[in-house]
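As provided, run03.csv (CSV, C-alpha atoms) reads as follows.
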```csv
chain,number,residue,atom,x,y,z
A,746,MET,CA,67.9,-34.3,-51.2
A,747,ALA,CA,67.0,-30.7,-51.8
A,748,GLU,CA,66.7,-30.7,-55.6
A,749,ASN,CA,64.4,-32.5,-58.0
A,750,LEU,CA,65.9,-35.0,-60.3
A,751,LYS,CA,64.5,-36.6,-63.4
A,752,LEU,CA,66.0,-39.7,-64.9
A,753,HIS,CA,65.1,-41.7,-68.1
A,754,TYR,CA,66.0,-45.2,-68.8
A,755,VAL,CA,65.5,-47.4,-71.9
A,756,VAL,CA,65.1,-51.1,-70.9
A,757,GLU,CA,66.0,-53.5,-73.7
A,758,GLY,CA,63.7,-56.4,-74.4
A,759,ASP,CA,65.1,-59.9,-74.3
A,760,ASP,CA,68.2,-58.8,-72.6
A,761,PHE,CA,68.0,-60.7,-69.4
A,762,THR,CA,71.7,-60.2,-68.6
A,763,SER,CA,71.4,-56.4,-68.3
A,764,ALA,CA,67.9,-56.3,-66.8
A,765,GLY,CA,68.1,-54.6,-63.5
A,766,ALA,CA,70.8,-52.1,-64.6
A,767,ALA,CA,68.4,-49.1,-64.4
A,768,SER,CA,67.2,-50.1,-60.9
A,769,GLY,CA,70.8,-50.6,-59.8
A,770,ASP,CA,71.7,-47.1,-61.1
A,771,VAL,CA,68.8,-45.5,-59.2
A,772,LYS,CA,69.7,-47.3,-56.1
A,773,LYS,CA,73.3,-46.1,-56.3
A,774,LEU,CA,72.1,-42.5,-56.9
A,775,LEU,CA,69.7,-42.6,-54.0
A,776,ARG,CA,72.5,-43.8,-51.8
A,777,GLN,CA,74.7,-40.9,-53.0
A,778,LEU,CA,71.9,-38.5,-52.3
A,779,GLY,CA,71.7,-39.8,-48.7
A,780,ALA,CA,68.2,-41.3,-48.8
A,781,GLN,CA,67.2,-43.5,-45.9
A,782,PRO,CA,68.1,-47.2,-46.4
A,783,ASP,CA,64.5,-48.5,-46.2
A,784,VAL,CA,63.4,-45.9,-48.8
A,785,ILE,CA,66.3,-47.0,-51.1
A,786,ARG,CA,65.4,-50.7,-50.7
A,787,LYS,CA,61.7,-50.1,-51.4
A,788,VAL,CA,62.5,-48.2,-54.6
A,789,ALA,CA,65.1,-50.7,-55.7
A,790,ILE,CA,63.0,-53.8,-55.3
A,791,ALA,CA,59.8,-52.3,-56.7
A,792,MET,CA,61.6,-50.9,-59.7
A,793,TYR,CA,63.7,-54.0,-60.3
A,794,GLU,CA,60.6,-56.3,-60.4
A,795,GLY,CA,59.0,-53.9,-62.8
A,796,GLU,CA,62.1,-53.8,-65.0
A,797,ILE,CA,62.3,-57.7,-65.0
A,798,ASN,CA,58.6,-57.8,-66.0
A,799,MET,CA,59.2,-55.5,-68.9
A,800,VAL,CA,62.0,-57.7,-70.2
A,801,ILE,CA,59.9,-60.9,-69.6
A,802,HIS,CA,56.6,-59.8,-70.9
A,803,ALA,CA,56.8,-56.6,-73.0
A,804,ASN,CA,60.0,-56.7,-75.0
A,805,GLY,CA,61.4,-53.8,-73.0
A,806,GLY,CA,60.2,-50.3,-72.5
A,807,VAL,CA,61.1,-47.1,-70.8
A,808,ILE,CA,61.3,-46.0,-67.1
A,809,ASP,CA,61.1,-42.4,-65.9
A,810,VAL,CA,62.1,-41.7,-62.4
A,811,GLU,CA,61.5,-38.4,-60.6
A,812,ILE,CA,63.1,-37.8,-57.2
A,813,THR,CA,61.8,-34.9,-55.1
A,814,PRO,CA,62.4,-34.2,-51.4
A,815,ARG,CA,59.0,-35.8,-50.6
A,816,ARG,CA,58.8,-38.8,-52.8
A,817,ILE,CA,60.2,-40.9,-55.6
A,818,THR,CA,58.0,-41.6,-58.6
A,819,MET,CA,58.7,-44.3,-61.1
A,820,VAL,CA,56.7,-44.6,-64.3
A,821,LEU,CA,57.3,-47.8,-66.3
A,822,THR,CA,55.9,-47.7,-69.8
A,823,ASP,CA,55.8,-50.5,-72.3
A,824,GLN,CA,54.2,-51.3,-75.6
A,825,GLY,CA,53.8,-55.0,-74.8
A,826,PRO,CA,50.7,-57.2,-74.9
A,827,GLY,CA,48.9,-55.5,-72.0
A,828,ILE,CA,47.4,-57.3,-69.0
A,829,PRO,CA,44.0,-58.8,-69.8
A,830,ASP,CA,43.0,-59.4,-66.2
A,831,VAL,CA,44.7,-57.1,-63.7
A,832,GLU,CA,43.0,-58.5,-60.7
A,833,ALA,CA,44.2,-62.0,-61.5
A,834,ALA,CA,47.7,-60.7,-62.2
A,835,MET,CA,47.8,-59.1,-58.8
A,836,GLN,CA,47.3,-62.4,-57.0
A,837,GLU,CA,50.4,-64.0,-55.6
A,838,GLY,CA,51.3,-67.1,-57.6
A,839,PHE,CA,49.5,-66.0,-60.8
A,840,SER,CA,51.9,-66.1,-63.7
A,841,THR,CA,51.8,-66.3,-67.4
A,842,ALA,CA,55.6,-66.5,-67.7
A,843,PRO,CA,57.0,-69.5,-69.6
A,844,ASP,CA,59.2,-72.2,-68.0
A,845,THR,CA,62.3,-70.6,-69.5
A,846,ILE,CA,61.7,-67.6,-67.3
A,847,ARG,CA,61.0,-69.8,-64.2
A,848,ASN,CA,64.3,-71.5,-64.8
A,849,LEU,CA,65.9,-68.1,-64.5
A,850,GLY,CA,64.5,-67.6,-61.0
A,851,PHE,CA,61.4,-65.4,-61.9
A,852,GLY,CA,57.9,-66.0,-63.1
A,853,ALA,CA,56.6,-67.3,-59.8
A,854,GLY,CA,53.7,-64.8,-59.9
A,855,MET,CA,55.3,-62.5,-57.3
A,856,GLY,CA,56.4,-59.6,-59.6
A,857,LEU,CA,53.3,-57.3,-59.4
A,858,PRO,CA,52.4,-58.3,-55.8
A,859,ASN,CA,56.0,-57.5,-54.8
A,860,MET,CA,55.8,-54.1,-56.6
A,861,LYS,CA,52.6,-53.3,-54.7
A,862,LYS,CA,54.1,-54.5,-51.4
A,863,TYR,CA,57.2,-52.2,-51.6
A,864,ALA,CA,55.7,-49.1,-53.3
A,865,ASP,CA,53.5,-46.8,-51.3
A,866,THR,CA,51.1,-46.3,-54.2
A,867,MET,CA,50.8,-48.2,-57.5
A,868,GLN,CA,48.6,-47.6,-60.4
A,869,ILE,CA,48.3,-49.9,-63.5
A,870,ASP,CA,47.0,-48.5,-66.8
A,871,THR,CA,46.8,-51.2,-69.3
A,872,GLU,CA,45.2,-52.0,-72.6
A,873,VAL,CA,45.4,-55.3,-74.4
A,874,GLY,CA,47.4,-55.0,-77.6
A,875,VAL,CA,48.6,-51.5,-76.8
A,876,GLY,CA,50.7,-51.6,-73.7
A,877,THR,CA,51.0,-51.0,-70.0
A,878,THR,CA,52.0,-48.1,-67.8
A,879,ILE,CA,52.7,-48.6,-64.2
A,880,THR,CA,53.2,-45.7,-61.9
A,881,MET,CA,54.6,-46.3,-58.4
A,882,THR,CA,55.6,-43.9,-55.7
A,883,VAL,CA,57.6,-44.3,-52.5
A,884,ASP,CA,57.3,-41.6,-49.9
A,885,ILE,CA,60.2,-40.1,-48.1
A,886,PRO,CA,59.4,-39.8,-44.4
A,887,GLN,CA,59.8,-36.2,-43.4
B,732,MET,CA,79.9,-64.6,-38.5
B,733,LYS,CA,82.5,-63.4,-41.1
B,734,VAL,CA,82.4,-64.3,-44.8
B,735,SER,CA,85.7,-66.1,-44.2
B,736,GLN,CA,84.1,-68.3,-41.5
B,737,ILE,CA,81.2,-69.1,-43.9
B,738,ALA,CA,83.7,-70.2,-46.5
B,739,GLU,CA,85.5,-72.3,-43.9
B,740,ILE,CA,82.3,-74.0,-42.6
B,741,LEU,CA,81.1,-74.8,-46.1
B,742,GLY,CA,84.5,-75.8,-47.5
B,743,ALA,CA,83.8,-73.1,-50.1
B,744,THR,CA,86.2,-71.4,-52.6
B,745,VAL,CA,86.2,-67.6,-52.9
B,746,ALA,CA,85.4,-66.8,-56.5
B,747,THR,CA,85.5,-63.0,-56.0
B,748,GLY,CA,85.5,-60.5,-53.1
B,749,HIS,CA,88.6,-61.5,-51.2
B,750,HIS,CA,88.5,-58.0,-49.7
B,751,LEU,CA,85.1,-58.7,-48.2
B,752,LEU,CA,86.2,-61.8,-46.1
B,753,ASN,CA,86.1,-59.8,-42.9
B,754,THR,CA,82.6,-58.5,-43.6
B,755,GLU,CA,80.2,-59.6,-40.8
B,756,ILE,CA,77.1,-61.5,-41.8
B,757,SER,CA,74.4,-62.3,-39.2
B,758,ASN,CA,71.5,-63.6,-41.4
B,759,ALA,CA,71.1,-65.5,-44.6
B,760,CYS,CA,68.4,-67.0,-46.8
B,761,GLY,CA,68.4,-69.9,-49.3
B,762,SER,CA,66.3,-70.0,-52.5
B,763,ASP,CA,66.5,-70.7,-56.2
B,764,MET,CA,63.5,-68.4,-56.8
B,765,MET,CA,64.7,-64.7,-56.9
B,766,SER,CA,61.1,-63.4,-56.6
B,767,ASP,CA,60.8,-65.1,-53.3
B,768,VAL,CA,64.0,-63.6,-52.1
B,769,LEU,CA,62.7,-60.2,-53.1
B,770,ALA,CA,59.3,-60.8,-51.4
B,771,PHE,CA,60.6,-62.0,-48.1
B,772,VAL,CA,63.7,-59.9,-47.7
B,773,LYS,CA,64.5,-59.0,-44.1
B,774,ASP,CA,68.1,-58.2,-43.2
B,775,GLN,CA,69.8,-61.1,-44.7
B,776,GLY,CA,73.5,-60.5,-45.6
B,777,ALA,CA,74.0,-63.7,-47.6
B,778,LEU,CA,72.1,-65.6,-50.2
B,779,LEU,CA,72.5,-69.4,-50.8
B,780,THR,CA,71.3,-70.5,-54.2
B,781,GLY,CA,71.8,-73.2,-56.9
B,782,LEU,CA,70.7,-70.7,-59.6
B,783,VAL,CA,73.5,-69.2,-61.6
B,784,ASN,CA,72.7,-66.1,-63.7
B,785,PRO,CA,73.4,-62.4,-63.4
B,786,GLN,CA,70.0,-61.8,-61.9
B,787,VAL,CA,71.2,-63.5,-58.7
B,788,VAL,CA,73.7,-60.7,-58.3
B,789,ARG,CA,71.1,-58.1,-59.1
B,790,THR,CA,68.7,-59.6,-56.5
B,791,ALA,CA,71.5,-59.5,-53.9
B,792,GLU,CA,72.3,-55.9,-54.9
B,793,MET,CA,68.7,-54.8,-54.5
B,794,THR,CA,68.4,-56.5,-51.1
B,795,ASP,CA,71.7,-55.2,-49.7
B,796,MET,CA,73.4,-58.5,-49.4
B,797,HIS,CA,77.2,-58.8,-49.2
B,798,CYS,CA,77.7,-62.4,-50.1
B,799,ILE,CA,76.3,-65.0,-52.6
B,800,ILE,CA,77.0,-68.7,-52.0
B,801,PHE,CA,76.5,-71.0,-54.9
B,802,VAL,CA,75.7,-74.5,-53.8
B,803,ARG,CA,75.7,-78.0,-55.5
B,804,GLY,CA,79.0,-77.2,-57.2
B,805,LYS,CA,77.5,-74.5,-59.5
B,806,GLN,CA,80.2,-72.4,-61.1
B,807,PRO,CA,79.5,-68.7,-62.0
B,808,ASP,CA,80.9,-67.4,-65.3
B,809,GLU,CA,83.1,-64.4,-65.8
B,810,CYS,CA,80.2,-62.1,-66.6
B,811,LEU,CA,78.5,-62.9,-63.3
B,812,LEU,CA,81.7,-62.5,-61.3
B,813,ARG,CA,82.5,-59.2,-62.9
B,814,LEU,CA,79.0,-57.9,-62.0
B,815,ALA,CA,79.5,-59.1,-58.4
B,816,GLU,CA,82.9,-57.4,-58.2
B,817,GLU,CA,81.4,-54.1,-59.4
B,818,ARG,CA,78.6,-54.4,-56.9
B,819,ASN,CA,81.0,-55.2,-54.0
B,820,ILE,CA,79.5,-58.6,-53.4
B,821,ALA,CA,81.6,-61.7,-52.4
B,822,VAL,CA,80.9,-64.9,-54.3
B,823,LEU,CA,81.6,-68.3,-52.7
B,824,CYS,CA,81.2,-71.7,-54.3
B,825,THR,CA,80.6,-75.0,-52.4
B,826,HIS,CA,80.0,-78.5,-53.4
B,827,LEU,CA,77.5,-79.0,-50.6
B,828,GLU,CA,73.8,-79.2,-51.5
B,829,MET,CA,71.4,-76.5,-50.4
B,830,PHE,CA,69.9,-78.3,-47.4
B,831,ARG,CA,73.3,-79.2,-45.9
B,832,ALA,CA,74.9,-75.8,-46.6
B,833,CYS,CA,72.0,-74.0,-44.9
B,834,GLY,CA,71.9,-76.5,-42.0
B,835,LEU,CA,75.6,-76.1,-41.3
B,836,LEU,CA,75.4,-72.3,-41.3
B,837,TYR,CA,72.3,-72.3,-39.1
B,838,ALA,CA,73.9,-74.8,-36.6
B,839,ASN,CA,76.9,-72.5,-36.4
B,840,GLY,CA,74.8,-69.5,-35.4
B,841,LEU,CA,73.7,-67.8,-38.6
B,842,GLY,CA,70.0,-66.8,-38.5
B,843,ASN,CA,67.5,-66.0,-41.2
B,844,GLY,CA,66.5,-62.5,-40.0
B,845,GLU,CA,63.4,-63.3,-37.9
B,846,ALA,CA,63.0,-61.0,-35.0
B,847,GLY,CA,64.1,-62.5,-31.7
B,848,GLU,CA,65.6,-65.6,-33.4
B,849,ARG,CA,68.4,-67.4,-31.7
```

Using structure tokens, write down the structure that the file contains.
Amino acid sequence: MAENLKLHYVVEGDDFTSAGAASGDVKKLLRQLGAQPDVIRKVAIAMYEGEINMVIHANGGVIDVEITPRRITMVLTDQGPGIPDVEAAMQEGFSTAPDTIRNLGFGAGMGLPNMKKYADTMQIDTEVGVGTTITMTVDIPQ
Amino acid sequence: MKVSQIAEILGATVATGHHLLNTEISNACGSDMMSDVLAFVKDQGALLTGLVNPQVVRTAEMTDMHCIIFVRGKQPDECLLRLAEERNIAVLCTHLEMFRACGLLYANGLGNGEAGER
């Protein structure tokens, strides 16, 4: 993975069927680039949870991914409702998702905690009524 | 245990992924909550679930699973099967309920990925 790569994805809101397509694409690309399997899995799961969150809570958004020889950076930006209480949202089991989402296998309050668990760093910038930007990085062991 | 043996033990039909029947699976997990699957992923090769939607395939894809087993007689639609086929994931369908399906596979030697198990 000698070169730097930048990728941009638009995540459609309310399109539960195709949610995860961007994460799947990044996963496939990392595999082609020869990244280590645990790095690929960390990126795939962290980004996938973020992508699902965008669809569930924010009517979609955009994801920018940068791949360098040292780390993978994912920036997820939405113009959704924002997160009023980030500390509460980071607790496992805390969820504001409706039952319709729970019936689809998500909304158990594991999304943000999972993202934090799999990413090496995670920063949440959010403003109620404006939107949320989540920046996650996964380091590539040298 | 091969995917074909899983199908045999569960009396399951193979909805897609016939070319994966010889794939070796050593661990599995069972859940209808995909966030839990993502949270507690180890090295499971197969997912048993009663939830039927495309995100089951995505979850299996992100966690490197090779096989999805739909329990309780749940039938995936064409859209799901096409996605599984594209992602190289076998899909089995059994009429057994979750508890029994998991129990049979566990009794036949499939683990859940815990270190030192079995």

Which polymer residues have any atom within 10 Å of an atom of Ala853 (chain A), counting all atoms listed in the file, with same-chain residues fewer than 3 positions away left out, as an NGL selection string? (:A and (837-842 or 844 or 846-847 or 850 or 856)) or (:B and (764-767))

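Relative to CA of Ala770 (chain B), CA of Ala864 (chain A) is found at 12.4 Å.
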
Cut-off 7 Å: closest chain A/chain B atom pairs per residue, using all atoms listed in the file, as a Markdown table:
```
| residue | atom | partner | partner_atom | distance |
| --- | --- | --- | --- | --- |
| A:Thr762 | CA | B:Pro785 | CA | 5.9 |
| A:Gly765 | CA | B:Arg789 | CA | 6.4 |
| A:Arg786 | CA | B:Met793 | CA | 6.5 |
| A:Ala789 | CA | B:Met793 | CA | 5.6 |
| A:Ile790 | CA | B:Met793 | CA | 5.8 |
| A:Gly850 | CA | B:Met764 | CA | 4.4 |
| A:Phe851 | CA | B:Ser766 | CA | 5.7 |
| A:Ala853 | CA | B:Ser766 | CA | 6.8 |
| A:Met855 | CA | B:Ser766 | CA | 5.9 |
| A:Gly856 | CA | B:Ser766 | CA | 6.7 |
| A:Asn859 | CA | B:Ala770 | CA | 5.8 |
```

Can you measure CA of Lys861 (chain A) to CA of Ala766 (chain A) for me? One decimal in Å is fine.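 For CA of Lys861 (chain A) relative to CA of Ala766 (chain A), the distance reads 20.8 Å.
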
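One distance worth recording is that between CA of Leu841 (chain B) and CA of Lys773 (chain A), which is 28.0 Å.
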
Put a box with edges along x, y and z around all the listed atoms of region 770-789 of chain A, pad it by 5 Å on each side, then give me its centre and sizes in Å, one decimal, as AutoDock Vina command-line options.
```
--center_x 68.2 --center_y -44.6 --center_z -53.5 --size_x 23.0 --size_y 22.2 --size_z 25.2
```

Quick one: everything within 6 Å of Pro826 (chain A), counting only C-alpha atoms, minus sequence neighbours fewer than 5 positions away in the same chain. Send it as a count of residues only. 3

Considering all atoms listed in the file, return as JSON, numbers by chain whatever protein or nucleic-acid residues lie within 6 Å of region 818-822 of chain A, sequence-local ones (same chain, fewer than 2 positions apart) excluded. {"A": [806, 807, 808, 809, 810, 811, 877, 878, 879, 880, 881, 882]}

Name the residues in contact with Thr747 (chain B) at a cut-off of 8 Å, using only C-alpha atoms, excluding same-chain residues fewer than 4 positions from it; report them as a PDB file with C-alpha atoms, in the coordinates of the input.
```pdb
ATOM      1  CA  LEU B 812      81.700 -62.500 -61.300  1.00  0.00           C
ATOM      2  CA  ALA B 815      79.500 -59.100 -58.400  1.00  0.00           C
ATOM      3  CA  GLU B 816      82.900 -57.400 -58.200  1.00  0.00           C
ATOM      4  CA  ILE B 820      79.500 -58.600 -53.400  1.00  0.00           C
ATOM      5  CA  ALA B 821      81.600 -61.700 -52.400  1.00  0.00           C
ATOM      6  CA  VAL B 822      80.900 -64.900 -54.300  1.00  0.00           C
ATOM      7  CA  LEU B 823      81.600 -68.300 -52.700  1.00  0.00           C
TER       8      LEU B 823
END
```

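If only C-alpha atoms are the atoms counted, then among B:Lys773, B:Val734, B:Ala746, B:Ile740 the closest residue to Leu836 (chain B) is B:Ile740.
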
Hey, what's within 8 Å of Cys760 (chain B) if we count all atoms listed in the file and toss same-chain stuff fewer than 3 positions away? As a PDB file with C-alpha atoms, keeping the file's coordinate frame, please?
```
ATOM      1  CA  VAL B 768      64.000 -63.600 -52.100  1.00  0.00           C
ATOM      2  CA  GLN B 775      69.800 -61.100 -44.700  1.00  0.00           C
ATOM      3  CA  ALA B 777      74.000 -63.700 -47.600  1.00  0.00           C
ATOM      4  CA  LEU B 778      72.100 -65.600 -50.200  1.00  0.00           C
ATOM      5  CA  LEU B 779      72.500 -69.400 -50.800  1.00  0.00           C
ATOM      6  CA  ASN B 843      67.500 -66.000 -41.200  1.00  0.00           C
TER       7      ASN B 843
END
```
